[in-house]
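*Asks:* Just so it is clear, I am handing over coords_27.pdb, which has PDB, C-alpha atoms.
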ATOM      1  CA  MET A 179      82.250  46.837 -39.617
ATOM      2  CA  LYS A 180      84.935  45.432 -41.960
ATOM      3  CA  ALA A 181      85.607  48.921 -43.352
ATOM      4  CA  ASP A 182      86.118  50.218 -39.804
ATOM      5  CA  LEU A 183      88.537  47.379 -39.028
ATOM      6  CA  ASP A 184      90.447  47.990 -42.268
ATOM      7  CA  SER A 185      90.662  51.682 -41.416
ATOM      8  CA  VAL A 186      92.030  50.946 -37.934
ATOM      9  CA  LEU A 187      94.553  48.456 -39.326
ATOM     10  CA  ALA A 188      95.719  50.928 -41.984
ATOM     11  CA  LYS A 189      96.077  53.644 -39.332
ATOM     12  CA  ASN A 190      98.102  51.282 -37.098
ATOM     13  CA  ILE A 191     100.371  50.308 -39.999
ATOM     14  CA  ARG A 192     100.946  53.978 -40.883
ATOM     15  CA  ALA A 193     101.823  54.674 -37.237
ATOM     16  CA  GLU A 194     104.299  51.775 -37.138
ATOM     17  CA  ILE A 195     105.880  52.924 -40.403
ATOM     18  CA  SER A 196     106.295  56.400 -38.956
ATOM     19  CA  LYS A 197     107.829  55.034 -35.714
ATOM     20  CA  SER A 198     110.211  52.761 -37.640
ATOM     21  CA  GLY A 199     112.354  55.597 -38.915
ATOM     22  CA  ILE A 200     111.861  54.595 -42.560
ATOM     23  CA  PRO A 201     112.344  57.887 -44.432
ATOM     24  CA  ILE A 202     109.200  59.470 -45.877
ATOM     25  CA  ARG A 203     110.533  59.172 -49.437
ATOM     26  CA  PHE A 204     110.645  55.361 -49.037
ATOM     27  CA  GLN A 205     107.373  54.806 -47.164
ATOM     28  CA  SER A 206     105.680  53.468 -50.299
ATOM     29  CA  ALA A 207     108.682  51.493 -51.596
ATOM     30  CA  SER A 208     107.977  48.182 -53.277
ATOM     31  CA  ALA A 209     110.594  45.584 -54.211
ATOM     32  CA  PRO A 210     111.074  41.813 -54.017
ATOM     33  CA  ARG A 211     111.289  40.391 -50.491
ATOM     34  CA  LEU A 212     114.782  39.881 -49.103
ATOM     35  CA  PRO A 213     115.879  36.495 -47.663
ATOM     36  CA  GLU A 214     114.339  35.451 -44.354
ATOM     37  CA  ARG A 215     117.634  35.879 -42.455
ATOM     38  CA  GLY A 216     118.112  39.396 -43.782
ATOM     39  CA  ALA A 217     120.779  40.610 -46.193
ATOM     40  CA  TYR A 218     123.902  42.654 -46.757
ATOM     41  CA  LEU A 219     123.139  44.892 -49.751
ATOM     42  CA  PHE A 220     126.170  46.515 -51.339
ATOM     43  CA  GLY A 221     126.781  48.545 -54.452
ATOM     44  CA  PRO A 222     127.428  52.009 -55.807
ATOM     45  CA  VAL A 223     125.808  55.205 -54.564
ATOM     46  CA  GLY A 224     122.226  55.575 -55.764
ATOM     47  CA  SER A 225     121.803  51.984 -56.942
ATOM     48  CA  GLY A 226     118.668  51.352 -54.857
ATOM     49  CA  LYS A 227     120.010  49.609 -51.744
ATOM     50  CA  THR A 228     118.164  51.824 -49.273
ATOM     51  CA  TYR A 229     114.970  51.654 -51.332
ATOM     52  CA  TRP A 230     115.092  47.840 -51.319
ATOM     53  CA  ALA A 231     115.883  47.684 -47.593
ATOM     54  CA  CYS A 232     112.953  50.001 -46.817
ATOM     55  CA  ALA A 233     110.594  47.981 -49.037
ATOM     56  CA  ASP A 234     111.572  44.902 -47.021
ATOM     57  CA  GLY A 235     110.986  46.814 -43.800
ATOM     58  CA  LEU A 236     107.479  47.707 -45.004
ATOM     59  CA  PHE A 237     106.748  44.013 -45.645
ATOM     60  CA  ALA A 238     107.812  43.237 -42.075
ATOM     61  CA  ILE A 239     105.696  46.039 -40.583
ATOM     62  CA  ARG A 240     102.629  44.784 -42.451
ATOM     63  CA  GLU A 241     103.318  41.362 -40.880
ATOM     64  CA  GLY A 242     103.190  42.980 -37.440
ATOM     65  CA  LYS A 243     106.958  43.031 -36.877
ATOM     66  CA  LYS A 244     108.835  45.789 -35.032
ATOM     67  CA  VAL A 245     111.238  47.479 -37.475
ATOM     68  CA  ILE A 246     113.917  50.108 -36.898
ATOM     69  CA  PHE A 247     115.632  51.919 -39.777
ATOM     70  CA  THR A 248     118.780  53.805 -38.766
ATOM     71  CA  THR A 249     122.438  54.506 -39.473
ATOM     72  CA  LEU A 250     125.399  53.638 -37.298
ATOM     73  CA  ALA A 251     125.993  57.360 -36.763
ATOM     74  CA  GLU A 252     122.458  57.777 -35.381
ATOM     75  CA  ILE A 253     122.901  54.837 -33.005
ATOM     76  CA  LEU A 254     126.246  56.145 -31.728
ATOM     77  CA  THR A 255     124.826  59.665 -31.274
ATOM     78  CA  LYS A 256     122.059  58.229 -29.085
ATOM     79  CA  VAL A 257     124.598  56.225 -27.074
ATOM     80  CA  LYS A 258     126.695  59.388 -26.550
ATOM     81  CA  SER A 259     123.600  61.185 -25.248
ATOM     82  CA  THR A 260     123.810  58.962 -22.134
ATOM     83  CA  PHE A 261     127.141  60.471 -21.107
ATOM     84  CA  GLY A 262     125.715  63.568 -19.414
ATOM     85  CA  LYS A 263     124.812  63.636 -15.754
ATOM     86  CA  SER A 264     121.253  64.553 -16.676
ATOM     87  CA  SER A 265     120.704  61.289 -18.559
ATOM     88  CA  ASN A 266     118.735  58.559 -16.817
ATOM     89  CA  LEU A 267     119.652  56.018 -19.491
ATOM     90  CA  SER A 268     122.670  53.754 -19.740
ATOM     91  CA  GLU A 269     124.432  52.899 -22.988
ATOM     92  CA  ARG A 270     122.782  49.464 -22.813
ATOM     93  CA  ASP A 271     119.335  51.070 -22.409
ATOM     94  CA  VAL A 272     119.881  52.894 -25.687
ATOM     95  CA  LEU A 273     121.044  49.747 -27.493
ATOM     96  CA  ILE A 274     118.182  47.499 -26.302
ATOM     97  CA  PRO A 275     115.592  48.643 -28.890
ATOM     98  CA  TYR A 276     118.121  48.043 -31.687
ATOM     99  CA  ILE A 277     119.016  44.644 -30.260
ATOM    100  CA  SER A 278     115.459  43.478 -29.622
ATOM    101  CA  CYS A 279     113.471  44.700 -32.648
ATOM    102  CA  ASP A 280     112.357  42.081 -35.179
ATOM    103  CA  LEU A 281     114.172  43.757 -38.087
ATOM    104  CA  LEU A 282     117.029  46.220 -37.812
ATOM    105  CA  ILE A 283     117.970  48.093 -40.981
ATOM    106  CA  ILE A 284     121.387  49.778 -40.791
ATOM    107  CA  ASP A 285     121.794  52.072 -43.772
ATOM    108  CA  ASP A 286     125.096  53.131 -45.344
ATOM    109  CA  LEU A 287     127.471  51.161 -43.101
ATOM    110  CA  GLY A 288     130.974  52.470 -43.709
ATOM    111  CA  ARG A 289     129.902  56.028 -44.409
ATOM    112  CA  GLY A 290     131.747  58.446 -42.188
ATOM    113  CA  GLN A 291     134.599  57.820 -39.811
ATOM    114  CA  ILE A 292     134.367  55.224 -37.101
ATOM    115  CA  THR A 293     136.408  55.130 -33.924
ATOM    116  CA  GLU A 294     137.462  52.219 -31.752
ATOM    117  CA  TRP A 295     134.624  53.205 -29.405
ATOM    118  CA  GLY A 296     132.164  53.004 -32.317
ATOM    119  CA  ILE A 297     133.526  49.613 -33.351
ATOM    120  CA  GLU A 298     132.998  48.325 -29.800
ATOM    121  CA  HIS A 299     129.348  49.422 -29.825
ATOM    122  CA  LEU A 300     128.777  48.070 -33.328
ATOM    123  CA  PHE A 301     130.204  44.743 -32.166
ATOM    124  CA  GLN A 302     127.887  44.666 -29.132
ATOM    125  CA  LEU A 303     124.881  45.339 -31.361
ATOM    126  CA  VAL A 304     125.743  42.935 -34.187
ATOM    127  CA  ASP A 305     126.848  40.190 -31.804
ATOM    128  CA  ALA A 306     123.678  40.393 -29.692
ATOM    129  CA  ARG A 307     121.451  40.220 -32.788
ATOM    130  CA  TRP A 308     123.559  37.407 -34.268
ATOM    131  CA  ARG A 309     123.375  35.322 -31.059
ATOM    132  CA  ASP A 310     119.575  35.700 -30.973
ATOM    133  CA  SER A 311     119.218  35.073 -34.738
ATOM    134  CA  ARG A 312     117.482  38.419 -35.163
ATOM    135  CA  ARG A 313     116.962  39.645 -38.701
ATOM    136  CA  MET A 314     119.170  42.428 -40.037
ATOM    137  CA  VAL A 315     119.407  44.243 -43.339
ATOM    138  CA  VAL A 316     122.567  46.275 -43.851
ATOM    139  CA  THR A 317     123.305  48.551 -46.797
ATOM    140  CA  SER A 318     126.768  49.737 -47.781
ATOM    141  CA  ASN A 319     128.794  51.057 -50.663
ATOM    142  CA  TYR A 320     131.558  48.640 -49.648
ATOM    143  CA  GLU A 321     132.307  44.977 -50.103
ATOM    144  CA  ARG A 322     133.677  43.001 -47.150
ATOM    145  CA  ASP A 323     137.390  43.620 -47.691
ATOM    146  CA  GLU A 324     136.940  47.354 -48.269
ATOM    147  CA  LEU A 325     134.712  47.719 -45.221
ATOM    148  CA  GLY A 326     137.120  45.694 -43.084
ATOM    149  CA  GLU A 327     140.073  47.787 -44.182
ATOM    150  CA  MET A 328     138.286  51.033 -43.337
ATOM    151  CA  MET A 329     137.078  49.843 -39.950
ATOM    152  CA  SER A 330     140.391  48.215 -38.999
ATOM    153  CA  ALA A 331     142.159  51.547 -39.446
ATOM    154  CA  ALA A 332     140.202  52.793 -36.426
ATOM    155  CA  GLY A 333     140.453  49.909 -34.029
ATOM    156  CA  ASP A 334     140.976  46.331 -33.041
ATOM    157  CA  ARG A 335     141.336  44.227 -36.206
ATOM    158  CA  ARG A 336     140.043  41.091 -34.458
ATOM    159  CA  LYS A 337     136.907  42.853 -33.295
ATOM    160  CA  VAL A 338     136.342  44.160 -36.832
ATOM    161  CA  GLN A 339     136.798  40.611 -38.158
ATOM    162  CA  ALA A 340     134.218  39.379 -35.629
ATOM    163  CA  ILE A 341     131.726  42.028 -36.779
ATOM    164  CA  LEU A 342     132.285  41.202 -40.446
ATOM    165  CA  SER A 343     132.098  37.463 -39.819
ATOM    166  CA  ARG A 344     128.656  37.887 -38.283
ATOM    167  CA  LEU A 345     127.449  40.382 -40.912
ATOM    168  CA  PHE A 346     128.697  38.331 -43.818
ATOM    169  CA  GLU A 347     126.836  35.299 -42.600
ATOM    170  CA  LEU A 348     123.885  37.215 -44.043
ATOM    171  CA  PRO A 349     123.172  36.656 -47.727
ATOM    172  CA  LYS A 350     125.215  39.154 -49.734
ATOM    173  CA  ILE A 351     123.396  40.892 -52.565
ATOM    174  CA  ALA A 352     125.264  43.085 -55.041
ATOM    175  CA  VAL A 353     123.006  45.888 -56.219
ATOM    176  CA  SER A 354     124.227  47.299 -59.506
ATOM    177  CA  GLY A 355     123.339  50.163 -61.757
ATOM    178  CA  GLY A 356     123.961  53.848 -61.975
ATOM    179  CA  ASP A 357     122.883  56.545 -59.586
ATOM    180  CA  ARG A 358     119.086  56.514 -59.875
ATOM    181  CA  ARG A 359     118.927  59.938 -58.235
ATOM    182  CA  CYS A 360     120.595  61.410 -61.317
ATOM    183  CA  LEU A 361     118.067  59.942 -63.764
ATOM    184  CA  PRO A 362     115.459  62.225 -65.286
ATOM    185  CA  PRO A 363     112.074  61.985 -63.546
ATOM    186  CA  ARG A 364     109.576  59.492 -64.930
ATOM    187  CA  GLN A 365     106.692  60.991 -66.853
TER     188      GLN A 365
END
Would you mind writing the structure in this file as structure tokens?
*Replies:*
Amino acid sequence: MKADLDSVLAKNIRAEISKSGIPIRFQSASAPRLPERGAYLFGPVGSGKTYWACADGLFAIREGKKVIFTTLAEILTKVKSTFGKSSNLSERDVLIPYISCDLLIIDDLGRGQITEWGIEHLFQLVDARWRDSRRMVVTSNYERDELGEMMSAAGDRRKVQAILSRLFELPKIAVSGGDRRCLPPRQ
């Protein structure tokens, strides 16, 4: 009986991990737990930010929490998909899962160009999660000033400041080290 229950639980956890969007390569990640409020992980390419964020997401899934792993580009692509006449969804409908999940992991914030339209949607998302005290883990190659400079080039500086103010209320964790992807494989 216990073995059957354990099997069902393991199957449910695997299903939730798959639905979360956590990449296959990180679905067995293990790292120290991030702070309860979430975190802003920043550092050089390949330093382990995504790995750590995914490990934290796995902890949350095992606790029965709803987790979504994504990038800003993926969110904005889904929002744009509502523009066609054939779409039955509104922009808000697309954002609701990201706003309401227990843990949202946004990977590589600052990668790629962002427009004023993208900044507006990022603000809506971050602000809604901030107001509801919903947990967020954000990874980036950029510190606050660098990220703010990049985003401000595309849009309203005050809105960018509002986004950063809310994001940087999260504990900031500098992840250092070289590009782990370039290391020789472990034997």
*Asks:* Using all atoms listed in the file, pick whichever of A:Ile202, A:Leu281, A:Ala188, A:Ala207 has the shortest atom-to-atom distance to Lys244 of chain A.
*Replies:* A:Leu281
*Asks:* Selected by the PyMOL selection byres ((chain A and resi 239) around 12) in the shown coordinates: which residues, as a ChimeraX atom specification?
*Replies:* /A:187-188,190-200,205,232-238,240-247,279-282
*Asks:* Kindly export the residues of the current selection with C-alpha atoms, as a compact mmCIF listing (two decimals), in the coordinates of the input.
*Replies:*
# COMPACT_ATOMS: atom_id res chain seq x y z
CA LEU A 187 94.55 48.46 -39.33
CA ALA A 188 95.72 50.93 -41.98
CA ASN A 190 98.10 51.28 -37.10
CA ILE A 191 100.37 50.31 -40.00
CA ARG A 192 100.95 53.98 -40.88
CA ALA A 193 101.82 54.67 -37.24
CA GLU A 194 104.30 51.78 -37.14
CA ILE A 195 105.88 52.92 -40.40
CA SER A 196 106.30 56.40 -38.96
CA LYS A 197 107.83 55.03 -35.71
CA SER A 198 110.21 52.76 -37.64
CA GLY A 199 112.35 55.60 -38.92
CA ILE A 200 111.86 54.60 -42.56
CA GLN A 205 107.37 54.81 -47.16
CA CYS A 232 112.95 50.00 -46.82
CA ALA A 233 110.59 47.98 -49.04
CA ASP A 234 111.57 44.90 -47.02
CA GLY A 235 110.99 46.81 -43.80
CA LEU A 236 107.48 47.71 -45.00
CA PHE A 237 106.75 44.01 -45.64
CA ALA A 238 107.81 43.24 -42.08
CA ARG A 240 102.63 44.78 -42.45
CA GLU A 241 103.32 41.36 -40.88
CA GLY A 242 103.19 42.98 -37.44
CA LYS A 243 106.96 43.03 -36.88
CA LYS A 244 108.84 45.79 -35.03
CA VAL A 245 111.24 47.48 -37.48
CA ILE A 246 113.92 50.11 -36.90
CA PHE A 247 115.63 51.92 -39.78
CA CYS A 279 113.47 44.70 -32.65
CA ASP A 280 112.36 42.08 -35.18
CA LEU A 281 114.17 43.76 -38.09
CA LEU A 282 117.03 46.22 -37.81
*Asks:* Near Thr260 of chain A, within 12 Å and counting all atoms listed in the file, which residues show up once chain neighbours fewer than 6 positions away are dropped, as a PyMOL selection string?
*Replies:* chain A and resi 253-254+266-273
*Asks:* So which residues get picked by the PyMOL selection byres ((chain A and resi 334) around 12) here, written as a list in words?
*Replies:*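 With the shown file as input, the PyMOL selection byres ((chain A and resi 334) around 12) matches Ile292, Thr293, Glu294, Trp295, Gly296, Ile297, Glu298, Phe301, Gly326, Glu327, Met328, Met329, Ser330, Ala331, Ala332, Gly333, Arg335, Arg336, Lys337, Val338, Gln339, Ala340 and Ile341 of chain A.
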*Asks:* Show which residues sit within 8 Å of segment 213-222 of chain A, as a list in words. Count only C-alpha atoms, and ignore same-chain residues fewer than 3 positions away.
*Replies:*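 Here the qualifying residues turn out to be Ser225, Lys227, Ser311, Arg312, Arg313, Met314, Val315, Val316, Thr317, Ser318, Asn319, Tyr320, Glu321, Leu345, Phe346, Leu348, Pro349, Lys350, Ile351, Ala352, Val353, Ser354, Gly355, Gly356 and Asp357 of chain A.
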*Asks:* What gap, in Å, lies between atom CA of Phe204 of chain A and atom CA of Tyr229 of chain A?
*Replies:* 6.1 Å
*Asks:* Find, counting all atoms listed in the file, the residue in A:Val223, A:Gly262, A:Ser206, A:Leu287 that gets nearest to Leu300 of chain A.
*Replies:* A:Leu287
*Asks:* Nearest residue to Asp305 of chain A out of A:Ile283, A:Ala209, A:Leu325, A:Leu342, using only C-alpha atoms?
*Replies:*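 Selected residue with least distance to Asp305 of chain A: A:Leu342.
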*Asks:* Could you state the separation of atom CA of Tyr276 of chain A and atom CA of Ala306 of chain A in Å, given to one decimal place?
*Replies:* 9.7 Å
*Asks:* For Leu250 of chain A, which of A:Leu212, A:Ile284, A:Ile274, A:Val304 is the closest residue, counting all atoms listed in the file?
*Replies:*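 Among the listed residues, A:Ile284 lies closest to Leu250 of chain A.
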*Asks:* Build an axis-aligned box that encloses every atom of segment 195-198 of chain A listed in the file, pad it by 6 Å on each side, and report its centre and edge lengths in Å to one decimal, as lines of an AutoDock Vina configuration file.
*Replies:*
center_x = 108.0
center_y = 54.6
center_z = -38.1
size_x = 16.3
size_y = 15.6
size_z = 16.7
*Asks:* Can you tell me how far atom CA of Arg344 of chain A sits from atom CA of Pro201 of chain A, in Å to one decimal?
*Replies:* 26.5 Å
*Asks:* I need the residue nearest Arg307 of chain A from this list: A:Gly288, A:Trp230, A:Glu324, A:Ile277. Use only C-alpha atoms for the distance.
*Replies:*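 The answer is A:Ile277, which sits nearest to Arg307 of chain A.
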